[in-house]
Amino acid sequence: MAVNAAPATTLVSFGFRDLIGILLWDAGFAFEVIADHQKADWRARKEPKKHSQEFIREGLWSTSQHPNYFGEMTLWTGTWIIANHALNKTVIYPSWMGLASGISPVFLRLLLTKVSGVPLQEVANDKKFGGKKDYEEYKRNTPVVIPKLFS
């Protein structure tokens with residue numbers, strides 16, 4: 001029994017906005033996975049002393065202090081674009097639901113940049129590396145979340 005099935009006449013056809021949302025989701029997911037992989041690889045090389053960097057500043061980490069958070073925010077924005085399109089175009093949901101679904105990526109961004117992610121990491125990093133020339137330079141010249149893709 002299909003209790004939650006919507007009639008075919010109420011479904012939204014796949015459109016350009018959906019494609020943009022999917023591409024954003026894919027890009028965000030890839031960015032996050034690559035950043036996490038680079039950090040794991042960096043840590044694995046640190047133990048056997050294959051490098052002497054105290055903190056990671058290579059790969060995506062050279063373009064952003066928190067590239068994994070950027071990826072997370074990007075993929076949730078892609079999800080919102082897809083949901084917004086579907087919620088705004090169907091007759092079974094009130095029109096305000098599409099906009100209300102935008103709370104998710106906004107809330108995530110606020111959480112990561114103002115409450116849990118970045119602030120907690122910055123306190124820990126400042127305590128560990130604060131005053132060291134290369135860290136202070138990295139912090140001053142590298143964007144916190146949104147990557148600097150071009151010099």
# chains A, B, ... in the order shown; residues from 1 in each chain; ligands from 1
>>> residues_around(residues="segment 35-37 of chain A", least_positions_apart="3", cutoff="12 Å", atoms="only C-alpha atoms", output="compact mmCIF listing (two decimals) with N, CA and C atoms, in the first residue's frame")
# COMPACT_ATOMS: atom_id res chain seq x y z
N GLY A 28 30.04 19.84 -3.85
CA GLY A 28 30.22 19.94 -2.41
C GLY A 28 30.68 18.63 -1.79
N PHE A 29 30.05 17.53 -2.22
CA PHE A 29 30.42 16.21 -1.71
C PHE A 29 31.86 15.90 -2.08
N ALA A 30 32.22 16.14 -3.33
CA ALA A 30 33.59 15.87 -3.79
C ALA A 30 34.59 16.72 -3.00
N PHE A 31 34.27 18.00 -2.80
CA PHE A 31 35.16 18.90 -2.08
C PHE A 31 35.38 18.39 -0.65
N GLU A 32 34.29 17.99 0.00
CA GLU A 32 34.40 17.51 1.37
C GLU A 32 35.20 16.20 1.45
N ALA A 40 43.49 13.12 6.11
CA ALA A 40 43.84 11.79 6.61
C ALA A 40 45.21 11.35 6.08
N ASP A 41 45.46 11.62 4.81
CA ASP A 41 46.75 11.29 4.20
C ASP A 41 47.87 12.09 4.87
N TRP A 42 47.62 13.37 5.11
CA TRP A 42 48.60 14.24 5.77
C TRP A 42 48.93 13.70 7.17
N ARG A 43 47.90 13.30 7.90
CA ARG A 43 48.11 12.75 9.25
C ARG A 43 48.90 11.44 9.18
N ALA A 44 48.57 10.60 8.21
CA ALA A 44 49.27 9.31 8.07
C ALA A 44 50.75 9.52 7.75
N ILE A 56 48.10 21.26 8.60
CA ILE A 56 47.93 21.02 7.17
C ILE A 56 47.69 22.33 6.42
N ARG A 57 48.42 22.49 5.33
CA ARG A 57 48.25 23.67 4.48
C ARG A 57 48.58 23.33 3.02
N GLU A 58 48.23 22.11 2.64
CA GLU A 58 48.46 21.66 1.27
C GLU A 58 47.15 21.22 0.65
N GLY A 59 47.14 21.08 -0.67
CA GLY A 59 45.91 20.68 -1.36
C GLY A 59 44.81 21.71 -1.16
N LEU A 60 43.60 21.24 -0.91
CA LEU A 60 42.48 22.16 -0.69
C LEU A 60 42.68 23.00 0.56
N TRP A 61 43.48 22.51 1.48
CA TRP A 61 43.75 23.23 2.72
C TRP A 61 44.63 24.45 2.49
N SER A 62 45.19 24.58 1.30
CA SER A 62 45.94 25.79 0.97
C SER A 62 45.00 26.88 0.44
N THR A 63 43.77 26.50 0.10
CA THR A 63 42.80 27.46 -0.44
C THR A 63 41.76 27.88 0.59
N SER A 64 41.65 27.13 1.68
CA SER A 64 40.66 27.40 2.71
C SER A 64 41.13 26.75 4.01
N GLN A 65 40.87 27.41 5.13
CA GLN A 65 41.24 26.82 6.42
C GLN A 65 40.32 25.66 6.79
N HIS A 66 39.13 25.64 6.19
CA HIS A 66 38.14 24.60 6.49
C HIS A 66 37.43 24.16 5.21
N PRO A 67 38.16 23.56 4.26
CA PRO A 67 37.53 23.19 2.99
C PRO A 67 36.44 22.13 3.15
N ASN A 68 36.57 21.28 4.17
CA ASN A 68 35.54 20.27 4.39
C ASN A 68 34.21 20.92 4.78
N TYR A 69 34.25 22.00 5.54
CA TYR A 69 33.02 22.72 5.90
C TYR A 69 32.42 23.40 4.67
N PHE A 70 33.28 23.93 3.81
CA PHE A 70 32.79 24.52 2.56
C PHE A 70 32.05 23.47 1.74
N GLY A 71 32.62 22.28 1.63
CA GLY A 71 31.97 21.20 0.90
C GLY A 71 30.63 20.84 1.50
N GLU A 72 30.57 20.75 2.82
CA GLU A 72 29.32 20.43 3.51
C GLU A 72 28.26 21.49 3.25
N PRO A 147 36.85 28.96 -0.32
CA PRO A 147 38.21 28.86 -0.86
C PRO A 147 38.59 29.99 -1.81
>>> residues_around(residues="Trp25 of chain A", least_positions_apart="2", cutoff="10 Å", atoms="only C-alpha atoms", output="list in words")
Leu19, Ile20, Gly21, Ile22, Leu23, Ala27, Gly28, Phe29, Ala30, Phe31, Gly71, Glu72, Met73, Thr74, Leu75, Trp76, Thr77, Gly78, Thr79, Trp80, Ile81 and Ile82 of chain A
>>> atom_distance(atom1="atom CA of Thr10 of chain A", atom2="atom CA of Lys89 of chain A")
8.5 Å
>>> atom_distance(atom1="atom CA of Asp26 of chain A", atom2="atom CA of Ile146 of chain A")
16.7 Å
>>> residues_around(residues="segment 96-98 of chain A", least_positions_apart="6", cutoff="8 Å", atoms="only C-alpha atoms", output="VMD selection string")
chain A and resid 83 to 88
>>> write_last_selection(atoms="C-alpha atoms", output="PDB file, in the first residue's frame")
ATOM      1  CA  ALA A  83      13.863  20.705  -2.657  1.00  0.00           C
ATOM      2  CA  ASN A  84      12.904  24.327  -3.266  1.00  0.00           C
ATOM      3  CA  HIS A  85      12.097  23.608  -6.891  1.00  0.00           C
ATOM      4  CA  ALA A  86       9.973  20.575  -6.025  1.00  0.00           C
ATOM      5  CA  LEU A  87       8.190  22.258  -3.119  1.00  0.00           C
ATOM      6  CA  ASN A  88       7.391  25.430  -5.065  1.00  0.00           C
TER       7      ASN A  88
END
>>> select_by_dssp(residues="segment 37-70 of chain A", states="helix (DSSP H, G or I)", output="PyMOL selection string")
chain A and resi 37-46+59-62+67-70
>>> residues_around(residues="Glu54 of chain A", least_positions_apart="5", cutoff="12 Å", atoms="only C-alpha atoms", output="ChimeraX atom specification")
/A:42-43,45-47,49,125,128-130,132-135,138
>>> decode(residues="segment 23-99 of chain A", atoms="C-alpha atoms", output="compact mmCIF listing (two decimals), in the first residue's frame")
# COMPACT_ATOMS: atom_id res chain seq x y z
CA LEU A 23 25.88 19.67 -9.67
CA LEU A 24 26.27 21.76 -6.50
CA TRP A 25 25.62 18.70 -4.34
CA ASP A 26 28.17 16.67 -6.32
CA ALA A 27 30.77 19.45 -6.15
CA GLY A 28 30.22 19.94 -2.41
CA PHE A 29 30.42 16.21 -1.71
CA ALA A 30 33.59 15.87 -3.79
CA PHE A 31 35.16 18.90 -2.08
CA GLU A 32 34.40 17.51 1.37
CA VAL A 33 35.60 13.98 0.58
CA ILE A 34 38.81 15.22 -1.06
CA ALA A 35 39.54 17.57 1.87
CA ASP A 36 38.94 14.78 4.40
CA HIS A 37 41.12 12.38 2.37
CA GLN A 38 43.91 14.95 2.10
CA LYS A 39 43.83 15.53 5.86
CA ALA A 40 43.84 11.79 6.61
CA ASP A 41 46.75 11.29 4.20
CA TRP A 42 48.60 14.24 5.77
CA ARG A 43 48.11 12.75 9.25
CA ALA A 44 49.27 9.31 8.07
CA ARG A 45 52.46 10.85 6.67
CA LYS A 46 53.05 12.88 9.83
CA GLU A 47 53.49 9.89 12.15
CA PRO A 48 56.45 8.35 10.28
CA LYS A 49 57.90 11.88 9.94
CA LYS A 50 57.45 12.06 6.16
CA HIS A 51 56.83 15.79 6.59
CA SER A 52 57.47 18.35 9.29
CA GLN A 53 54.38 20.55 8.89
CA GLU A 54 52.70 21.23 12.22
CA PHE A 55 49.34 21.88 10.57
CA ILE A 56 47.93 21.02 7.17
CA ARG A 57 48.25 23.67 4.48
CA GLU A 58 48.46 21.66 1.27
CA GLY A 59 45.91 20.68 -1.36
CA LEU A 60 42.48 22.16 -0.69
CA TRP A 61 43.75 23.23 2.72
CA SER A 62 45.94 25.79 0.97
CA THR A 63 42.80 27.46 -0.44
CA SER A 64 40.66 27.40 2.71
CA GLN A 65 41.24 26.82 6.42
CA HIS A 66 38.14 24.60 6.49
CA PRO A 67 37.53 23.19 2.99
CA ASN A 68 35.54 20.27 4.39
CA TYR A 69 33.02 22.72 5.90
CA PHE A 70 32.79 24.52 2.56
CA GLY A 71 31.97 21.20 0.90
CA GLU A 72 29.32 20.43 3.51
CA MET A 73 27.67 23.83 3.10
CA THR A 74 27.77 23.52 -0.69
CA LEU A 75 26.11 20.11 -0.79
CA TRP A 76 23.32 21.25 1.55
CA THR A 77 22.77 24.29 -0.66
CA GLY A 78 22.42 21.92 -3.62
CA THR A 79 19.90 19.86 -1.67
CA TRP A 80 17.92 23.02 -0.89
CA ILE A 81 17.84 24.07 -4.56
CA ILE A 82 16.37 20.70 -5.53
CA ALA A 83 13.86 20.70 -2.66
CA ASN A 84 12.90 24.33 -3.27
CA HIS A 85 12.10 23.61 -6.89
CA ALA A 86 9.97 20.58 -6.02
CA LEU A 87 8.19 22.26 -3.12
CA ASN A 88 7.39 25.43 -5.07
CA LYS A 89 6.01 23.64 -8.11
CA THR A 90 3.73 21.02 -6.58
CA VAL A 91 0.13 21.56 -5.57
CA ILE A 92 0.28 19.31 -2.53
CA TYR A 93 2.54 21.63 -0.47
CA PRO A 94 1.84 25.19 0.65
CA SER A 95 3.85 27.74 -1.36
CA TRP A 96 5.85 28.93 1.66
CA MET A 97 7.43 25.48 2.18
CA GLY A 98 9.96 26.00 -0.62
CA LEU A 99 11.36 29.08 1.08
